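K.L.:
Data: final-v8.csv, CSV, C-alpha atoms.
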chain,number,residue,atom,x,y,z
A,1,MET,CA,-28.3,26.2,-24.9
A,2,ASP,CA,-30.6,29.2,-25.4
A,3,LEU,CA,-29.2,31.9,-23.2
A,4,GLY,CA,-32.6,33.7,-23.1
A,5,ILE,CA,-31.3,37.2,-23.9
A,6,ARG,CA,-32.4,37.6,-27.5
A,7,GLY,CA,-33.7,41.2,-27.9
A,8,LYS,CA,-31.9,42.5,-24.9
A,9,SER,CA,-29.6,45.5,-25.2
A,10,ALA,CA,-26.0,45.7,-24.3
A,11,LEU,CA,-23.4,48.5,-24.0
A,12,VAL,CA,-19.9,47.0,-24.5
A,13,CYS,CA,-16.9,49.2,-23.9
A,14,GLY,CA,-13.5,48.7,-25.6
A,15,ALA,CA,-15.4,46.7,-28.2
A,16,SER,CA,-13.5,47.2,-31.4
A,17,ARG,CA,-10.6,44.8,-30.5
A,18,GLY,CA,-9.6,42.1,-28.2
A,19,LEU,CA,-11.6,40.9,-25.3
A,20,GLY,CA,-14.3,43.6,-25.6
A,21,ARG,CA,-14.9,42.6,-29.2
A,22,GLY,CA,-15.1,39.0,-28.1
A,23,CYS,CA,-17.9,39.9,-25.7
A,24,ALA,CA,-19.7,41.9,-28.4
A,25,GLU,CA,-19.5,39.1,-30.9
A,26,ALA,CA,-20.8,36.5,-28.4
A,27,LEU,CA,-23.7,38.7,-27.3
A,28,ALA,CA,-24.6,39.6,-30.9
A,29,ALA,CA,-24.6,35.9,-31.8
A,30,GLU,CA,-27.2,35.4,-29.0
A,31,GLY,CA,-29.5,38.0,-30.5
A,32,VAL,CA,-28.6,40.9,-28.2
A,33,ASN,CA,-28.6,44.4,-29.7
A,34,VAL,CA,-25.1,45.7,-29.0
A,35,THR,CA,-23.7,49.2,-28.8
A,36,LEU,CA,-20.0,49.0,-29.4
A,37,VAL,CA,-17.9,51.7,-27.8
A,38,ALA,CA,-14.2,52.4,-28.6
A,39,ARG,CA,-12.0,55.3,-29.4
A,40,ASN,CA,-10.8,54.5,-33.0
A,41,LEU,CA,-13.7,55.2,-35.4
A,42,GLU,CA,-12.1,53.3,-38.3
A,43,VAL,CA,-11.4,50.2,-36.4
A,44,LEU,CA,-14.8,50.4,-34.7
A,45,GLN,CA,-16.6,50.6,-38.1
A,46,ALA,CA,-14.7,47.6,-39.4
A,47,SER,CA,-15.5,45.5,-36.3
A,48,ALA,CA,-19.1,46.5,-36.4
A,49,SER,CA,-19.4,45.5,-40.1
A,50,GLU,CA,-17.9,42.1,-39.4
A,51,ILE,CA,-20.2,41.4,-36.5
A,52,ARG,CA,-23.2,42.5,-38.6
A,53,ALA,CA,-22.2,40.1,-41.3
A,54,VAL,CA,-22.6,37.1,-39.0
A,55,SER,CA,-25.5,38.1,-36.8
A,56,ASP,CA,-29.0,39.5,-37.2
A,57,SER,CA,-28.7,41.8,-34.2
A,58,MET,CA,-28.8,45.6,-34.3
A,59,ILE,CA,-25.2,46.8,-34.0
A,60,THR,CA,-24.6,50.5,-33.1
A,61,ILE,CA,-21.3,52.2,-32.7
A,62,VAL,CA,-20.1,55.1,-30.6
A,63,ALA,CA,-16.6,56.5,-31.1
A,64,CYS,CA,-15.5,58.1,-27.9
A,65,ASP,CA,-13.1,57.9,-24.9
A,66,ILE,CA,-15.2,56.1,-22.3
A,67,ALA,CA,-12.7,57.1,-19.6
A,68,THR,CA,-13.9,60.7,-19.9
A,69,GLU,CA,-17.1,62.3,-18.6
A,70,GLU,CA,-17.9,63.5,-22.2
A,71,GLY,CA,-17.3,60.0,-23.6
A,72,ARG,CA,-19.6,58.4,-21.1
A,73,ALA,CA,-22.3,60.9,-21.8
A,74,GLN,CA,-22.0,60.2,-25.5
A,75,ALA,CA,-22.2,56.5,-25.1
A,76,LEU,CA,-25.1,56.7,-22.7
A,77,SER,CA,-27.0,59.0,-25.0
A,78,VAL,CA,-27.0,56.3,-27.6
A,79,CYS,CA,-27.7,53.4,-25.2
A,80,PRO,CA,-29.2,55.0,-22.1
A,81,GLN,CA,-30.9,51.9,-20.6
A,82,PRO,CA,-28.8,48.8,-21.4
A,83,ASP,CA,-29.9,45.4,-20.0
A,84,ILE,CA,-26.2,44.3,-20.1
A,85,LEU,CA,-23.2,46.4,-19.4
A,86,VAL,CA,-19.7,45.3,-20.1
A,87,THR,CA,-17.1,47.7,-18.8
A,88,ASN,CA,-13.6,47.6,-20.3
A,89,ALA,CA,-10.8,50.1,-20.8
A,90,ALA,CA,-7.2,50.0,-21.9
A,91,GLY,CA,-4.9,49.0,-19.1
A,92,PRO,CA,-2.3,51.6,-17.9
A,93,PRO,CA,1.3,51.4,-18.9
A,94,THR,CA,3.8,49.0,-17.4
A,95,GLY,CA,6.8,50.3,-15.4
A,96,ASP,CA,8.4,51.0,-12.0
A,97,PHE,CA,6.2,52.7,-9.4
A,98,ARG,CA,9.1,55.1,-8.7
A,99,ASP,CA,8.6,56.6,-12.1
A,100,TRP,CA,4.9,57.2,-11.8
A,101,SER,CA,3.5,60.6,-10.9
A,102,ARG,CA,0.2,61.4,-9.2
A,103,ASP,CA,-1.2,62.1,-12.6
A,104,ASP,CA,-0.3,58.6,-13.8
A,105,TRP,CA,-2.2,57.2,-10.8
A,106,ILE,CA,-5.2,59.4,-11.4
A,107,ALA,CA,-5.3,58.4,-15.1
A,108,ALA,CA,-5.2,54.7,-14.1
A,109,LEU,CA,-8.0,55.1,-11.5
A,110,ASP,CA,-10.1,57.1,-13.9
A,111,ALA,CA,-9.9,54.5,-16.6
A,112,ASN,CA,-10.0,51.2,-14.6
A,113,MET,CA,-11.9,52.0,-11.5
A,114,LEU,CA,-13.9,55.2,-11.6
A,115,THR,CA,-15.2,54.8,-15.2
A,116,PRO,CA,-16.8,51.4,-14.5
A,117,ILE,CA,-18.3,52.8,-11.3
A,118,GLU,CA,-19.8,55.8,-13.1
A,119,LEU,CA,-21.2,53.5,-15.8
A,120,ILE,CA,-22.7,51.2,-13.2
A,121,LYS,CA,-24.1,54.3,-11.3
A,122,ALA,CA,-25.8,55.5,-14.5
A,123,THR,CA,-27.4,52.1,-15.4
A,124,VAL,CA,-28.0,49.9,-12.4
A,125,ASP,CA,-31.1,51.5,-11.1
A,126,GLY,CA,-32.9,51.1,-14.4
A,127,MET,CA,-31.9,47.5,-14.5
A,128,MET,CA,-33.2,46.9,-11.0
A,129,ALA,CA,-36.5,48.7,-11.9
A,130,ARG,CA,-36.9,46.4,-14.9
A,131,GLY,CA,-36.0,43.3,-13.0
A,132,PHE,CA,-33.1,42.2,-15.2
A,133,GLY,CA,-29.5,43.3,-15.5
A,134,ARG,CA,-26.1,41.8,-16.0
A,135,ILE,CA,-22.9,43.8,-15.4
A,136,ILE,CA,-19.6,42.4,-16.3
A,137,ASN,CA,-16.3,44.2,-15.5
A,138,ILE,CA,-13.3,43.1,-17.5
A,139,THR,CA,-10.4,43.4,-15.0
A,140,SER,CA,-7.3,41.3,-14.8
A,141,SER,CA,-5.8,38.1,-13.4
A,142,ALA,CA,-3.5,40.6,-11.6
A,143,VAL,CA,-6.3,41.1,-9.1
A,144,LYS,CA,-5.6,37.7,-7.7
A,145,ALA,CA,-1.9,37.4,-8.5
A,146,PRO,CA,-0.4,40.9,-8.8
A,147,ILE,CA,2.3,41.5,-11.5
A,148,ASP,CA,5.1,43.8,-10.3
A,149,SER,CA,5.4,45.7,-13.6
A,150,LEU,CA,1.6,46.4,-13.7
A,151,GLY,CA,1.3,48.3,-10.4
A,152,LEU,CA,-1.0,50.9,-11.8
A,153,SER,CA,-3.4,48.2,-13.0
A,154,ASN,CA,-3.0,46.1,-9.8
A,155,GLY,CA,-4.1,49.1,-7.7
A,156,ALA,CA,-6.9,50.5,-9.8
A,157,ARG,CA,-8.5,47.1,-10.7
A,158,SER,CA,-8.3,45.9,-7.1
A,159,GLY,CA,-10.2,49.1,-6.0
A,160,LEU,CA,-13.0,48.3,-8.5
A,161,THR,CA,-13.1,44.7,-7.2
A,162,GLY,CA,-13.6,45.9,-3.6
A,163,PHE,CA,-16.4,48.3,-4.6
A,164,VAL,CA,-18.2,45.7,-6.7
A,165,ALA,CA,-18.1,43.2,-3.9
A,166,GLY,CA,-20.3,45.4,-1.7
A,167,LEU,CA,-22.7,46.6,-4.4
A,168,ALA,CA,-23.4,43.2,-5.9
A,169,ARG,CA,-25.0,42.1,-2.7
A,170,LYS,CA,-27.5,44.9,-2.9
A,171,THR,CA,-28.7,44.4,-6.5
A,172,VAL,CA,-29.0,40.6,-6.9
A,173,ALA,CA,-32.5,40.4,-5.3
A,174,ARG,CA,-33.7,42.4,-8.2
A,175,ASN,CA,-32.1,40.0,-10.7
A,176,VAL,CA,-29.2,42.3,-11.4
A,177,THR,CA,-25.9,40.5,-11.1
A,178,ILE,CA,-22.4,42.1,-11.1
A,179,ASN,CA,-19.4,39.9,-11.8
A,180,ASN,CA,-15.8,40.5,-12.8
A,181,LEU,CA,-13.9,38.6,-15.5
A,182,LEU,CA,-10.2,38.3,-14.8
A,183,PRO,CA,-8.3,37.5,-18.0
A,184,GLY,CA,-4.8,36.0,-17.9
A,185,PRO,CA,-2.8,35.9,-21.1
A,186,PHE,CA,-5.1,36.3,-24.2
A,187,GLU,CA,-4.1,36.9,-27.8
A,188,THR,CA,-4.7,40.7,-27.7
A,189,ASP,CA,-2.9,43.9,-28.6
A,190,ARG,CA,-2.4,44.5,-24.8
A,191,LEU,CA,-0.5,41.2,-24.4
A,192,THR,CA,1.7,42.2,-27.4
A,193,ALA,CA,2.5,45.5,-25.8
A,194,ILE,CA,3.4,43.9,-22.5
A,195,PHE,CA,5.7,41.4,-24.3
A,196,SER,CA,7.3,44.3,-26.2
A,197,ALA,CA,8.1,46.1,-22.9
A,198,ALA,CA,9.5,42.9,-21.4
A,199,ALA,CA,11.6,42.3,-24.5
A,200,ALA,CA,13.0,45.8,-24.5
A,201,SER,CA,14.0,45.5,-20.8
A,202,SER,CA,15.5,42.1,-21.2
A,203,GLY,CA,17.3,42.3,-24.5
A,204,ARG,CA,15.3,39.4,-25.9
A,205,SER,CA,13.0,39.5,-28.9
A,206,VAL,CA,9.2,39.7,-28.6
A,207,GLU,CA,9.0,36.2,-30.1
A,208,GLU,CA,11.3,34.8,-27.5
A,209,VAL,CA,9.3,36.5,-24.7
A,210,SER,CA,6.0,35.2,-26.1
A,211,ALA,CA,7.3,31.7,-26.6
A,212,ALA,CA,8.5,31.6,-23.0
A,213,ARG,CA,5.3,32.9,-21.6
A,214,ARG,CA,3.3,30.4,-23.7
A,215,ALA,CA,5.4,27.5,-22.5
A,216,ALA,CA,5.0,28.6,-18.9
A,217,ASN,CA,1.2,28.4,-19.0
A,218,PRO,CA,-0.3,25.0,-18.1
A,219,ALA,CA,-2.4,25.2,-21.3
A,220,LYS,CA,0.7,25.8,-23.4
A,221,ARG,CA,-1.1,28.5,-25.3
A,222,PHE,CA,-2.9,31.8,-24.9
A,223,GLY,CA,-6.6,32.3,-24.7
A,224,THR,CA,-8.8,33.5,-27.6
A,225,ARG,CA,-11.3,36.3,-27.6
A,226,GLN,CA,-14.0,33.8,-28.6
A,227,GLU,CA,-13.4,31.8,-25.4
A,228,PHE,CA,-13.6,35.0,-23.3
A,229,GLY,CA,-16.7,36.2,-25.1
A,230,ALA,CA,-18.5,32.9,-24.6
A,231,THR,CA,-17.9,33.1,-20.8
A,232,CYS,CA,-19.2,36.7,-20.8
A,233,ALA,CA,-22.3,35.7,-22.7
A,234,PHE,CA,-23.2,32.9,-20.3
A,235,LEU,CA,-22.8,35.2,-17.3
A,236,CYS,CA,-25.2,37.6,-19.0
A,237,SER,CA,-27.7,34.9,-19.6
A,238,VAL,CA,-31.0,34.1,-17.8
A,239,HIS,CA,-29.2,31.0,-16.4
A,240,ALA,CA,-26.6,32.9,-14.5
A,241,GLY,CA,-28.8,34.8,-12.0
A,242,TYR,CA,-27.3,33.0,-9.1
A,243,ILE,CA,-23.7,33.8,-10.0
A,244,ASN,CA,-23.1,37.2,-8.4
A,245,GLY,CA,-20.2,39.2,-6.9
A,246,GLN,CA,-17.7,36.7,-8.3
A,247,ASN,CA,-14.2,37.1,-9.7
A,248,ILE,CA,-13.9,34.6,-12.5
A,249,LEU,CA,-10.4,33.8,-13.6
A,250,LEU,CA,-9.7,32.8,-17.2
A,251,ASP,CA,-6.0,32.0,-17.4
A,252,GLY,CA,-5.5,28.5,-18.6
A,253,GLY,CA,-4.6,27.4,-15.1
A,254,GLY,CA,-1.8,29.8,-14.6
A,255,TYR,CA,-2.8,31.0,-11.2
A,256,PRO,CA,-0.9,28.8,-8.8
A,257,GLY,CA,-3.2,28.9,-5.8
A,258,THR,CA,-6.0,26.5,-4.7
A,259,PHE,CA,-8.5,29.2,-3.7
Is it possible to give me this structure as structure tokens?
P.N.:
Amino acid sequence: MDLGIRGKSALVCGASRGLGRGCAEALAAEGVNVTLVARNLEVLQASASEIRAVSDSMITIVACDIATEEGRAQALSVCPQPDILVTNAAGPPTGDFRDWSRDDWIAALDANMLTPIELIKATVDGMMARGFGRIINITSSAVKAPIDSLGLSNGARSGLTGFVAGLARKTVARNVTINNLLPGPFETDRLTAIFSAAAASSGRSVEEVSAARRAANPAKRFGTRQEFGATCAFLCSVHAGYINGQNILLDGGGYPGTF
């Protein structure tokens, strides 16, 4: 299927590793010119080189912290008018809410709620004026099924979800859609960190925790960044203009509910 987005431009956050990289790879494979944003310059350069080797798209990098005002300004100076925006930032730490300070909450909100909103604010009007735009927010399956140790993430990402639900209804008539992708367990550094924390608190090894979580998933495995990226690319396509304001769960069937 031709997704119809060759030649479009995309700004992809958290693009050097994991799910953000999966989105960048999939978009580049469709001929989208992608600006990759991440904090670690060395890893970012390596990822960009690998994507360039398998696509003919223009790949640009910006090493910055997208969760800061300065970082957002830097990214937007390089890609000021993207047709596609993929928001993504590292999740906040796990733990017990009794141990979190106000600063911990503000940091979580800055990274996982306010940063996506600021990026949308900076780009959505241009998308509407041009008559095409696709905004994808990478959130978490915890939006639908909260995880007790991820309280900071539960709160911040749910706030973003509520905001997007209202805004998306105002942009879609101009062919600008806004959707959220909710990953369950994927093979990423973030998942490894969560397993490490669980292992430390339970006295088990990381391998034991990982094996148990894998066995508990109906798919009996974790997702791959390629699967995640392919879903993102389709939602960014010309064929997905009627999918809007949705929270799309990718978790191998782990969510136990019907709706």
K.L.:
Need to verify the contact set: Ala38 of chain A, 12 Å, only C-alpha atoms, exclusion of same-chain residues closer than 6 positions in sequence. Can you return it as a VMD selection string?
P.N.:
chain A and resid 11 to 18 20 to 21 24 44 to 48 60 to 67 71 to 72 74 to 75 87 to 90
K.L.:
Do you have the atom CA of Ile5 of chain A-atom CA of Asp125 of chain A distance handy?
P.N.:
19.2 Å
K.L.:
Here is a test: counting all atoms listed in the file, which residue of A:Glu69, A:Val78, A:Asn154, A:Ser141 is nearest to Ala108 of chain A?
P.N.:
A:Asn154
K.L.:
From the list A:Thr123, A:Thr192, A:Thr177, A:Ser101, which residue is nearest Ser205 of chain A when using all atoms listed in the file?
P.N.:
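Among the listed residues, the smallest separation from Ser205 of chain A belongs to A:Thr192.
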K.L.:
Could you give me, as a PyMOL selection string, the residues within 12 Å of Leu191 of chain A, counting only C-alpha atoms and dropping anything in the same chain fewer than 5 positions from it?
P.N.:
chain A and resi 18-19+90-91+93-94+140+183-186+196-198+206+209-210+213-214+222-224
K.L.:
Report as a list in words all protein, DNA and RNA residues lying within 8 Å of Ala26 of chain A, evaluated on all atoms listed in the file, omitting residues in the same chain fewer than 4 positions from it.
P.N.:
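Here the qualifying residues turn out to be Gly22, Glu30, Gln226, Gly229, Ala230, Cys232 and Ala233 of chain A.
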K.L.:
Generate a file of the selected residues that holds C-alpha atoms, formatted as a JSON list (two decimals), in the frame of the given file.
P.N.:
[["chain", "number", "residue", "atom", "x", "y", "z"],
["A", 22, "GLY", "CA", -15.10, 39.00, -28.10],
["A", 30, "GLU", "CA", -27.20, 35.40, -29.00],
["A", 226, "GLN", "CA", -14.00, 33.80, -28.60],
["A", 229, "GLY", "CA", -16.70, 36.20, -25.10],
["A", 230, "ALA", "CA", -18.50, 32.90, -24.60],
["A", 232, "CYS", "CA", -19.20, 36.70, -20.80],
["A", 233, "ALA", "CA", -22.30, 35.70, -22.70]]
K.L.:
Which of these residues is nearest to Arg6 of chain A, using all atoms listed in the file: A:Asp103, A:Asp56, A:Asp189, A:Glu50?
P.N.:
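Of all the options, A:Asp56 lies closest to Arg6 of chain A.
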K.L.:
A:Gly241, A:Gly131, A:Gly253, A:Gly95: which is nearest Asp83 of chain A, counting only C-alpha atoms?
P.N.:
A:Gly131
K.L.:
Please, what distance in Å, to one decimal, runs between atom CA of Gly162 of chain A and atom CA of Met128 of chain A?
P.N.:
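For atom CA of Gly162 of chain A relative to atom CA of Met128 of chain A, the distance reads 21.0 Å.
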K.L.:
Pick the closest to Ile51 of chain A from A:Ala129, A:Leu36, A:Arg174, A:Ala193: which is it, counting all atoms listed in the file?
P.N.:
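Closest residue, counting all atoms listed in the file: A:Leu36.
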K.L.:
Considering only C-alpha atoms, return as a PyMOL selection string whatever protein or nucleic-acid residues lie within 9 Å of Lys144 of chain A, sequence-local ones (same chain, fewer than 6 positions apart) excluded.
P.N.:
chain A and resi 158+182+247+249+255
K.L.:
One number please: atom CA of Ala156 of chain A to atom CA of Arg169 of chain A, in Å, one decimal.
P.N.:
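Taking atom CA of Ala156 of chain A as the start and atom CA of Arg169 of chain A as the end point, the length is 21.2 Å.
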K.L.:
As a PyMOL selection string, please: the residues near Ala122 of chain A (cut-off 12 Å, all atoms listed in the file, same-chain neighbours under 6 positions excluded).
P.N.:
chain A and resi 69+72-73+75-77+79-82+85+115-116+128
K.L.:
Between A:Gly4, A:Gly166, A:Gly159, A:Gly151, single out the one closest to Gln246 of chain A, counting only C-alpha atoms.
P.N.:
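Under the stated criterion, the closest residue is A:Gly166.
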K.L.:
Is it possible to add N, CA and C atoms to segment 83-96 of chain A and hand it back as a PDB file, in the coordinates of the input?
P.N.:
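Saved to result26.pdb:
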ATOM      1  N   ASP A  83     -29.599  46.554 -20.851  1.00  0.00           N
ATOM      2  CA  ASP A  83     -29.900  45.400 -20.000  1.00  0.00           C
ATOM      3  C   ASP A  83     -28.585  44.745 -19.538  1.00  0.00           C
ATOM      4  N   ILE A  84     -27.564  44.925 -20.369  1.00  0.00           N
ATOM      5  CA  ILE A  84     -26.200  44.300 -20.100  1.00  0.00           C
ATOM      6  C   ILE A  84     -25.202  45.427 -20.286  1.00  0.00           C
ATOM      7  N   LEU A  85     -24.290  45.483 -19.335  1.00  0.00           N
ATOM      8  CA  LEU A  85     -23.200  46.400 -19.400  1.00  0.00           C
ATOM      9  C   LEU A  85     -21.882  45.683 -19.240  1.00  0.00           C
ATOM     10  N   VAL A  86     -20.998  45.877 -20.202  1.00  0.00           N
ATOM     11  CA  VAL A  86     -19.700  45.300 -20.100  1.00  0.00           C
ATOM     12  C   VAL A  86     -18.668  46.442 -20.060  1.00  0.00           C
ATOM     13  N   THR A  87     -18.038  46.620 -18.910  1.00  0.00           N
ATOM     14  CA  THR A  87     -17.100  47.700 -18.800  1.00  0.00           C
ATOM     15  C   THR A  87     -15.674  47.191 -19.109  1.00  0.00           C
ATOM     16  N   ASN A  88     -14.923  48.051 -19.758  1.00  0.00           N
ATOM     17  CA  ASN A  88     -13.600  47.600 -20.300  1.00  0.00           C
ATOM     18  C   ASN A  88     -12.894  48.885 -20.722  1.00  0.00           C
ATOM     19  N   ALA A  89     -11.638  49.019 -20.346  1.00  0.00           N
ATOM     20  CA  ALA A  89     -10.800  50.100 -20.800  1.00  0.00           C
ATOM     21  C   ALA A  89      -9.384  49.674 -20.906  1.00  0.00           C
ATOM     22  N   ALA A  90      -8.626  50.325 -21.747  1.00  0.00           N
ATOM     23  CA  ALA A  90      -7.200  50.000 -21.900  1.00  0.00           C
ATOM     24  C   ALA A  90      -6.490  50.039 -20.597  1.00  0.00           C
ATOM     25  N   GLY A  91      -5.636  49.054 -20.360  1.00  0.00           N
ATOM     26  CA  GLY A  91      -4.900  49.000 -19.100  1.00  0.00           C
ATOM     27  C   GLY A  91      -3.786  50.116 -19.145  1.00  0.00           C
ATOM     28  N   PRO A  92      -3.390  50.581 -17.965  1.00  0.00           N
ATOM     29  CA  PRO A  92      -2.300  51.600 -17.900  1.00  0.00           C
ATOM     30  C   PRO A  92      -0.979  51.016 -18.250  1.00  0.00           C
ATOM     31  N   PRO A  93       0.010  51.873 -18.464  1.00  0.00           N
ATOM     32  CA  PRO A  93       1.300  51.400 -18.900  1.00  0.00           C
ATOM     33  C   PRO A  93       2.030  50.574 -17.819  1.00  0.00           C
ATOM     34  N   THR A  94       2.949  49.741 -18.277  1.00  0.00           N
ATOM     35  CA  THR A  94       3.800  49.000 -17.400  1.00  0.00           C
ATOM     36  C   THR A  94       4.922  49.935 -16.865  1.00  0.00           C
ATOM     37  N   GLY A  95       5.670  49.479 -15.868  1.00  0.00           N
ATOM     38  CA  GLY A  95       6.800  50.300 -15.400  1.00  0.00           C
ATOM     39  C   GLY A  95       7.102  50.092 -13.945  1.00  0.00           C
ATOM     40  N   ASP A  96       7.936  50.959 -13.435  1.00  0.00           N
ATOM     41  CA  ASP A  96       8.400  51.000 -12.000  1.00  0.00           C
ATOM     42  C   ASP A  96       7.624  52.060 -11.303  1.00  0.00           C
TER      43      ASP A  96
END
